[in-house]
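Each remark here refers to the structure printed beneath this line.
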Amino acid sequence: ILIQSVNQQGCAIFDTLQLFVKPQPVGFLQCTDSIICSQQQSLKVSVLKSFNPTLSTWKLSDGLETKTDSVWNKFYTQTGNYHLTLIASAPSGCADTSKLPFTVSPKPKAGFTTNHDTLCSRFDTLILTNTASIVGDSITKQLFAIGKTDTSTNNIISRTFSAPGKYPIYQFVGTTEGCFDTLSSIITVNESPSAAFHLLNNSICASEPFIVTGK
């Protein structure tokens, strides 16, 4: 840089100043989803290094831990709003930072009750009641499935079974953020006996015996 100084008499003096521009690392954070589900989905973030001077260091920190890696892959159990910070430092002392806000949403807890674990075919009625819960959000999707084909989105359903056997029951609950939970159970349906009888004679006289035989 050339510096010129002139006094009142018009005399001028010149001088030069050397300016050194040190390299500064530049990076960005890239993630697939900035809203994740607690205990279910990990936060996956990659560091994009657009300019990486020699011997630069790259650190990632969420305020809870720090990693010197180019990929951040972590599960979170506590819901809330967080920031992932990228700190890039060059040996020259120049540094760059980048922040990525993300949210950890609550996971719902599936749950249902049954009025029977064991039923009799044709006579007993199974009643399923949804008891799923969540803290800090709302459940927007609910599905019951009995076997592979019988499904319902109602919170309370009733079913009778014509055939004995073991029937699997599944429940799916989810939120608008895509967080979900599932629960399964098995009920046993026993075969009911069939009662029947036979009259030897439909018409009898007074004092004659009335005879009934079982089939």
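Identifiers for the structure tokens are assigned positionally: chains receive A, B, ... in sequence, residues are indexed from 1 per chain, and ligands are indexed from 1 in the order shown.
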
Surrounding residues of Val45 (chain A) excluding itself and chain neighbours under 2 positions, 10 Å, only C-alpha atoms, as a ChimeraX atom specification: /A:29-34,42-43,47-48,60,70-74,84,100

File dump, residues just selected, all heavy atoms, as a short mmCIF file (atom, residue, chain, number, x, y, z; two decimals), in the first residue's frame:
data_model
loop_
_atom_site.label_atom_id
_atom_site.label_comp_id
_atom_site.auth_asym_id
_atom_site.auth_seq_id
_atom_site.Cartn_x
_atom_site.Cartn_y
_atom_site.Cartn_z
N LEU A 29 -22.77 -25.78 7.29
CA LEU A 29 -23.38 -26.97 7.85
C LEU A 29 -24.57 -27.38 6.99
O LEU A 29 -25.39 -26.55 6.62
CB LEU A 29 -23.84 -26.72 9.30
CG LEU A 29 -22.73 -26.46 10.31
CD1 LEU A 29 -23.34 -26.09 11.66
CD2 LEU A 29 -21.84 -27.67 10.46
N GLN A 30 -24.65 -28.66 6.71
CA GLN A 30 -25.73 -29.18 5.88
C GLN A 30 -26.37 -30.37 6.59
O GLN A 30 -25.68 -31.30 7.00
CB GLN A 30 -25.22 -29.60 4.50
CG GLN A 30 -26.29 -30.07 3.54
CD GLN A 30 -25.71 -30.47 2.21
OE1 GLN A 30 -24.83 -31.33 2.13
NE2 GLN A 30 -26.19 -29.86 1.14
N CYS A 31 -27.71 -30.34 6.73
CA CYS A 31 -28.41 -31.45 7.39
C CYS A 31 -29.61 -31.86 6.55
O CYS A 31 -30.12 -31.08 5.74
CB CYS A 31 -28.84 -31.07 8.80
SG CYS A 31 -30.16 -29.85 8.87
N THR A 32 -30.08 -33.08 6.77
CA THR A 32 -31.23 -33.60 6.03
C THR A 32 -32.55 -33.14 6.66
O THR A 32 -33.55 -32.99 5.96
CB THR A 32 -31.20 -35.12 5.99
OG1 THR A 32 -31.12 -35.63 7.33
CG2 THR A 32 -29.99 -35.61 5.21
N ASP A 33 -32.56 -32.91 7.96
CA ASP A 33 -33.78 -32.52 8.65
C ASP A 33 -33.41 -31.77 9.92
O ASP A 33 -32.66 -32.29 10.75
CB ASP A 33 -34.61 -33.76 8.99
CG ASP A 33 -36.06 -33.40 9.32
OD1 ASP A 33 -36.33 -32.21 9.55
OD2 ASP A 33 -36.91 -34.31 9.33
N SER A 34 -33.95 -30.56 10.08
CA SER A 34 -33.65 -29.76 11.27
C SER A 34 -34.63 -30.01 12.41
O SER A 34 -34.51 -29.41 13.46
CB SER A 34 -33.65 -28.27 10.91
OG SER A 34 -34.93 -27.88 10.43
N SER A 42 -31.69 -39.65 14.78
CA SER A 42 -30.46 -38.93 15.05
C SER A 42 -30.35 -37.69 14.17
O SER A 42 -30.90 -37.64 13.07
CB SER A 42 -29.24 -39.84 14.83
OG SER A 42 -29.14 -40.19 13.46
N LEU A 43 -29.63 -36.69 14.69
CA LEU A 43 -29.32 -35.50 13.90
C LEU A 43 -28.07 -35.78 13.08
O LEU A 43 -27.00 -36.04 13.62
CB LEU A 43 -29.09 -34.29 14.81
CG LEU A 43 -28.71 -32.99 14.09
CD1 LEU A 43 -29.89 -32.45 13.30
CD2 LEU A 43 -28.21 -31.95 15.09
N VAL A 47 -20.23 -31.27 7.31
CA VAL A 47 -19.50 -30.02 7.17
C VAL A 47 -19.04 -29.87 5.72
O VAL A 47 -18.36 -30.74 5.19
CB VAL A 47 -18.28 -29.97 8.11
CG1 VAL A 47 -17.49 -28.69 7.89
CG2 VAL A 47 -18.74 -30.06 9.57
N LEU A 48 -19.45 -28.77 5.10
CA LEU A 48 -19.00 -28.48 3.75
C LEU A 48 -17.89 -27.44 3.83
O LEU A 48 -18.13 -26.29 4.21
CB LEU A 48 -20.17 -27.96 2.90
CG LEU A 48 -21.37 -28.90 2.76
CD1 LEU A 48 -22.45 -28.25 1.90
CD2 LEU A 48 -20.94 -30.22 2.16
N LEU A 60 -17.14 -29.13 15.94
CA LEU A 60 -18.60 -29.08 16.01
C LEU A 60 -19.02 -29.18 17.46
O LEU A 60 -18.52 -30.03 18.20
CB LEU A 60 -19.23 -30.22 15.21
CG LEU A 60 -19.15 -30.11 13.68
CD1 LEU A 60 -19.54 -31.43 13.04
CD2 LEU A 60 -20.05 -29.00 13.18
N SER A 70 -15.99 -34.22 10.64
CA SER A 70 -16.72 -33.56 9.56
C SER A 70 -18.18 -34.01 9.49
O SER A 70 -18.94 -33.52 8.67
CB SER A 70 -16.05 -33.85 8.21
OG SER A 70 -14.76 -33.26 8.18
N VAL A 71 -18.54 -34.96 10.34
CA VAL A 71 -19.91 -35.47 10.35
C VAL A 71 -20.41 -35.52 11.79
O VAL A 71 -19.70 -35.99 12.69
CB VAL A 71 -20.00 -36.87 9.73
CG1 VAL A 71 -21.43 -37.41 9.83
CG2 VAL A 71 -19.56 -36.84 8.27
N TRP A 72 -21.62 -35.02 12.00
CA TRP A 72 -22.26 -35.05 13.32
C TRP A 72 -23.46 -35.99 13.23
O TRP A 72 -24.37 -35.79 12.45
CB TRP A 72 -22.71 -33.65 13.71
CG TRP A 72 -23.30 -33.53 15.10
CD1 TRP A 72 -24.60 -33.74 15.44
CD2 TRP A 72 -22.62 -33.17 16.30
NE1 TRP A 72 -24.77 -33.53 16.78
CE2 TRP A 72 -23.58 -33.18 17.33
CE3 TRP A 72 -21.30 -32.84 16.61
CZ2 TRP A 72 -23.26 -32.86 18.65
CZ3 TRP A 72 -20.99 -32.52 17.91
CH2 TRP A 72 -21.95 -32.53 18.92
N ASN A 73 -23.45 -37.04 14.04
CA ASN A 73 -24.53 -38.02 14.04
C ASN A 73 -24.83 -38.37 15.50
O ASN A 73 -24.08 -39.11 16.13
CB ASN A 73 -24.13 -39.26 13.26
CG ASN A 73 -25.30 -40.19 13.01
OD1 ASN A 73 -26.37 -40.04 13.60
ND2 ASN A 73 -25.11 -41.17 12.14
N LYS A 74 -25.93 -37.83 16.03
CA LYS A 74 -26.18 -37.97 17.47
C LYS A 74 -27.67 -38.10 17.76
O LYS A 74 -28.50 -37.42 17.16
CB LYS A 74 -25.62 -36.74 18.20
CG LYS A 74 -25.78 -36.78 19.71
CD LYS A 74 -25.17 -35.55 20.36
CE LYS A 74 -25.38 -35.54 21.86
NZ LYS A 74 -24.78 -34.35 22.51
N LEU A 84 -26.30 -26.18 16.71
CA LEU A 84 -25.03 -26.84 16.41
C LEU A 84 -24.11 -25.80 15.80
O LEU A 84 -24.46 -25.15 14.81
CB LEU A 84 -25.23 -28.00 15.45
CG LEU A 84 -23.98 -28.83 15.14
CD1 LEU A 84 -23.46 -29.51 16.40
CD2 LEU A 84 -24.28 -29.85 14.05
N LEU A 100 -26.30 -23.82 13.17
CA LEU A 100 -27.46 -24.50 12.61
C LEU A 100 -28.47 -24.76 13.74
O LEU A 100 -28.20 -25.56 14.63
CB LEU A 100 -27.05 -25.83 11.96
CG LEU A 100 -28.19 -26.71 11.48
CD1 LEU A 100 -28.84 -26.08 10.25
CD2 LEU A 100 -27.71 -28.11 11.17
#

Using only C-alpha atoms, determine which residues lie at most 10 Å from Pro101 (chain A), disregarding the query and same-chain residues fewer than 4 positions distant; provide the list as a list in words.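 What passes the distance filter is Ser34, Ile35, Asp62, Asn81, Tyr82, His83, Leu84 and Thr85 of chain A.
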
Quick check, in Å to one decimal: how far apart do CA of Ser56 (chain A) and CA of Phe28 (chain A) lie? 14.7 Å

Find the residues near Trp58 (chain A): any atom within 8 Å, counting only C-alpha atoms, skip ones fewer than 4 places away on the same chain, and give them as a list in words. Thr68, Asp69, Ser70, Leu86, Ile87, Ala88 and Ser89 of chain A

File dump, residues just selected, C-alpha atoms, as a short mmCIF file (atom, residue, chain, number, x, y, z; two decimals), in the first residue's frame:
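Result file follows (again_28.cif):
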data_model
loop_
_atom_site.label_atom_id
_atom_site.label_comp_id
_atom_site.auth_asym_id
_atom_site.auth_seq_id
_atom_site.Cartn_x
_atom_site.Cartn_y
_atom_site.Cartn_z
CA THR A 68 -13.40 -32.64 15.71
CA ASP A 69 -15.12 -34.42 12.88
CA SER A 70 -16.72 -33.56 9.56
CA LEU A 86 -19.16 -25.04 13.52
CA ILE A 87 -15.88 -23.39 14.52
CA ALA A 88 -13.11 -23.39 11.92
CA SER A 89 -9.65 -22.07 12.88
#

If I take CA of Ile36 (chain A) and CA of Leu183 (chain A), how far is one from the other in Å, to one decimal?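 Computing the Euclidean distance for CA of Ile36 (chain A) and CA of Leu183 (chain A) yields 21.0 Å.
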
Rank A:Ser133, A:Cys120, A:Ser38, A:Leu128 by their smallest atom-to-atom distance to Ile157 (chain A), using only C-alpha atoms, and report the top residue only.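 Of A:Ser133, A:Cys120, A:Ser38, A:Leu128, the one nearest Ile157 (chain A) is A:Leu128, counting only C-alpha atoms.
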
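Nearest residue to Ser121 (chain A), choosing from A:Ile134, A:Ile187, A:Ala196, A:Ala95 and counting only C-alpha atoms: A:Ile187.
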
Please report, as a PyMOL selection string, each residue of region 58-173 of chain A to which DSSP assigns strand (DSSP E or B) when run on this structure's backbone. chain A and resi 58-61+66-67+71-75+80-89+95-105+109+112-114+118-120+126-130+133+141-146+150-152+156-159+165-173

Resulting file, chosen residues, C-alpha atoms, as a compact mmCIF listing (two decimals), in the first residue's frame:
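Full text of selection23.txt as output:
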# COMPACT_ATOMS: atom_id res chain seq x y z
CA TRP A 58 -12.82 -27.87 12.41
CA LYS A 59 -14.90 -28.31 15.55
CA LEU A 60 -18.60 -29.08 16.01
CA SER A 61 -20.37 -28.32 19.27
CA THR A 66 -17.52 -31.05 21.05
CA LYS A 67 -16.21 -33.17 18.19
CA VAL A 71 -19.91 -35.47 10.35
CA TRP A 72 -22.26 -35.05 13.32
CA ASN A 73 -24.53 -38.02 14.04
CA LYS A 74 -26.18 -37.97 17.47
CA PHE A 75 -29.37 -39.14 19.21
CA GLY A 80 -36.08 -28.67 23.06
CA ASN A 81 -34.39 -26.19 20.73
CA TYR A 82 -30.65 -26.51 20.16
CA HIS A 83 -27.86 -24.96 18.07
CA LEU A 84 -25.03 -26.84 16.41
CA THR A 85 -22.01 -24.57 15.98
CA LEU A 86 -19.16 -25.04 13.52
CA ILE A 87 -15.88 -23.39 14.52
CA ALA A 88 -13.11 -23.39 11.92
CA SER A 89 -9.65 -22.07 12.88
CA ALA A 95 -11.53 -18.23 12.23
CA ASP A 96 -15.05 -18.71 10.92
CA THR A 97 -18.23 -19.86 12.65
CA SER A 98 -21.55 -21.16 11.40
CA LYS A 99 -24.67 -22.08 13.39
CA LEU A 100 -27.46 -24.50 12.61
CA PRO A 101 -30.63 -24.36 14.75
CA PHE A 102 -32.55 -27.62 15.20
CA THR A 103 -35.47 -28.91 17.26
CA VAL A 104 -35.85 -32.18 19.13
CA SER A 105 -39.55 -33.08 19.19
CA LYS A 109 -45.97 -43.41 23.76
CA PHE A 112 -54.17 -49.40 24.69
CA THR A 113 -56.29 -51.52 27.00
CA THR A 114 -58.37 -54.62 26.30
CA THR A 118 -58.85 -64.55 26.35
CA LEU A 119 -62.24 -64.74 24.62
CA CYS A 120 -64.76 -67.30 23.48
CA LEU A 126 -63.21 -57.62 22.37
CA ILE A 127 -63.01 -53.89 23.17
CA LEU A 128 -59.81 -51.96 22.44
CA THR A 129 -59.35 -48.50 24.00
CA ASN A 130 -56.59 -46.12 22.93
CA SER A 133 -49.96 -40.23 25.39
CA LYS A 141 -52.52 -40.23 13.91
CA GLN A 142 -53.88 -43.39 15.52
CA LEU A 143 -54.38 -46.81 13.98
CA PHE A 144 -55.48 -50.19 15.30
CA ALA A 145 -54.82 -53.35 13.28
CA ILE A 146 -56.11 -56.82 14.11
CA ASP A 150 -58.82 -55.44 9.90
CA THR A 151 -57.82 -51.81 10.63
CA SER A 152 -59.48 -48.83 12.28
CA ILE A 156 -62.36 -47.32 20.74
CA ILE A 157 -63.25 -50.39 18.66
CA SER A 158 -65.11 -53.64 19.35
CA ARG A 159 -64.81 -56.97 17.58
CA GLY A 165 -57.01 -68.90 17.31
CA LYS A 166 -54.39 -66.38 18.34
CA TYR A 167 -54.91 -62.89 16.92
CA PRO A 168 -52.14 -60.23 16.88
CA ILE A 169 -53.15 -56.66 17.71
CA TYR A 170 -51.04 -53.70 16.58
CA GLN A 171 -51.24 -50.01 17.36
CA PHE A 172 -49.53 -47.11 15.56
CA VAL A 173 -49.55 -43.52 16.84

Close residues, Asp124 (chain A) itself excluded, 12 Å, only C-alpha atoms, min 6 positions apart in chain, as a PDB file with N, CA, C and O atoms, in the first residue's frame:
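Once everything was written out, this is around.pdb:
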ATOM      1  N   ASN A 115     -60.498 -55.361  27.162  1.00  0.00           N
ATOM      2  CA  ASN A 115     -61.377 -55.865  28.217  1.00  0.00           C
ATOM      3  C   ASN A 115     -61.209 -57.362  28.445  1.00  0.00           C
ATOM      4  O   ASN A 115     -61.639 -57.898  29.465  1.00  0.00           O
ATOM      5  N   HIS A 116     -60.575 -58.058  27.481  1.00  0.00           N
ATOM      6  CA  HIS A 116     -60.299 -59.492  27.619  1.00  0.00           C
ATOM      7  C   HIS A 116     -58.950 -59.802  26.991  1.00  0.00           C
ATOM      8  O   HIS A 116     -58.597 -59.248  25.957  1.00  0.00           O
ATOM      9  N   ASP A 117     -58.201 -60.702  27.618  1.00  0.00           N
ATOM     10  CA  ASP A 117     -57.011 -61.273  26.978  1.00  0.00           C
ATOM     11  C   ASP A 117     -57.351 -62.619  26.336  1.00  0.00           C
ATOM     12  O   ASP A 117     -56.677 -63.058  25.406  1.00  0.00           O
ATOM     13  N   THR A 118     -58.373 -63.264  26.871  1.00  0.00           N
ATOM     14  CA  THR A 118     -58.845 -64.549  26.347  1.00  0.00           C
ATOM     15  C   THR A 118     -60.351 -64.463  26.141  1.00  0.00           C
ATOM     16  O   THR A 118     -61.084 -64.027  27.035  1.00  0.00           O
ATOM     17  N   SER A 158     -64.638 -52.368  18.802  1.00  0.00           N
ATOM     18  CA  SER A 158     -65.112 -53.639  19.350  1.00  0.00           C
ATOM     19  C   SER A 158     -65.172 -54.669  18.230  1.00  0.00           C
ATOM     20  O   SER A 158     -65.550 -54.336  17.097  1.00  0.00           O
ATOM     21  N   ARG A 159     -64.826 -55.899  18.562  1.00  0.00           N
ATOM     22  CA  ARG A 159     -64.809 -56.968  17.582  1.00  0.00           C
ATOM     23  C   ARG A 159     -65.232 -58.281  18.236  1.00  0.00           C
ATOM     24  O   ARG A 159     -64.939 -58.533  19.407  1.00  0.00           O
ATOM     25  N   THR A 160     -65.926 -59.142  17.452  1.00  0.00           N
ATOM     26  CA  THR A 160     -66.172 -60.523  17.840  1.00  0.00           C
ATOM     27  C   THR A 160     -65.472 -61.419  16.825  1.00  0.00           C
ATOM     28  O   THR A 160     -65.223 -61.008  15.678  1.00  0.00           O
ATOM     29  N   PHE A 161     -65.170 -62.645  17.240  1.00  0.00           N
ATOM     30  CA  PHE A 161     -64.394 -63.555  16.399  1.00  0.00           C
ATOM     31  C   PHE A 161     -65.182 -64.842  16.193  1.00  0.00           C
ATOM     32  O   PHE A 161     -65.636 -65.465  17.152  1.00  0.00           O
ATOM     33  N   SER A 162     -65.333 -65.201  14.931  1.00  0.00           N
ATOM     34  CA  SER A 162     -66.095 -66.406  14.609  1.00  0.00           C
ATOM     35  C   SER A 162     -65.256 -67.671  14.691  1.00  0.00           C
ATOM     36  O   SER A 162     -65.802 -68.769  14.831  1.00  0.00           O
ATOM     37  N   ALA A 163     -63.952 -67.524  14.609  1.00  0.00           N
ATOM     38  CA  ALA A 163     -63.074 -68.694  14.605  1.00  0.00           C
ATOM     39  C   ALA A 163     -62.072 -68.614  15.746  1.00  0.00           C
ATOM     40  O   ALA A 163     -61.606 -67.522  16.092  1.00  0.00           O
ATOM     41  N   PRO A 164     -61.729 -69.739  16.351  1.00  0.00           N
ATOM     42  CA  PRO A 164     -60.718 -69.723  17.416  1.00  0.00           C
ATOM     43  C   PRO A 164     -59.323 -69.497  16.850  1.00  0.00           C
ATOM     44  O   PRO A 164     -59.082 -69.661  15.655  1.00  0.00           O
ATOM     45  N   THR A 188     -56.088 -64.475  22.729  1.00  0.00           N
ATOM     46  CA  THR A 188     -56.437 -65.860  22.437  1.00  0.00           C
ATOM     47  C   THR A 188     -57.945 -66.011  22.384  1.00  0.00           C
ATOM     48  O   THR A 188     -58.651 -65.588  23.296  1.00  0.00           O
ATOM     49  N   VAL A 189     -58.421 -66.580  21.292  1.00  0.00           N
ATOM     50  CA  VAL A 189     -59.854 -66.853  21.133  1.00  0.00           C
ATOM     51  C   VAL A 189     -60.052 -68.368  21.191  1.00  0.00           C
ATOM     52  O   VAL A 189     -59.535 -69.109  20.344  1.00  0.00           O
ATOM     53  N   ASN A 190     -60.769 -68.815  22.206  1.00  0.00           N
ATOM     54  CA  ASN A 190     -61.039 -70.241  22.370  1.00  0.00           C
ATOM     55  C   ASN A 190     -62.325 -70.620  21.649  1.00  0.00           C
ATOM     56  O   ASN A 190     -63.243 -69.806  21.499  1.00  0.00           O
ATOM     57  N   GLU A 191     -62.407 -71.870  21.242  1.00  0.00           N
ATOM     58  CA  GLU A 191     -63.596 -72.351  20.542  1.00  0.00           C
ATOM     59  C   GLU A 191     -64.735 -72.543  21.531  1.00  0.00           C
ATOM     60  O   GLU A 191     -64.575 -73.135  22.600  1.00  0.00           O
ATOM     61  N   SER A 192     -65.891 -72.034  21.175  1.00  0.00           N
ATOM     62  CA  SER A 192     -67.069 -72.170  22.031  1.00  0.00           C
ATOM     63  C   SER A 192     -67.797 -73.466  21.699  1.00  0.00           C
ATOM     64  O   SER A 192     -67.903 -73.855  20.519  1.00  0.00           O
TER      65      SER A 192
END

Shortest interatomic distance to Thr57 (chain A) - which of A:Ala132, A:Ser92, A:Ile139, A:Cys37, counting only C-alpha atoms: A:Ser92
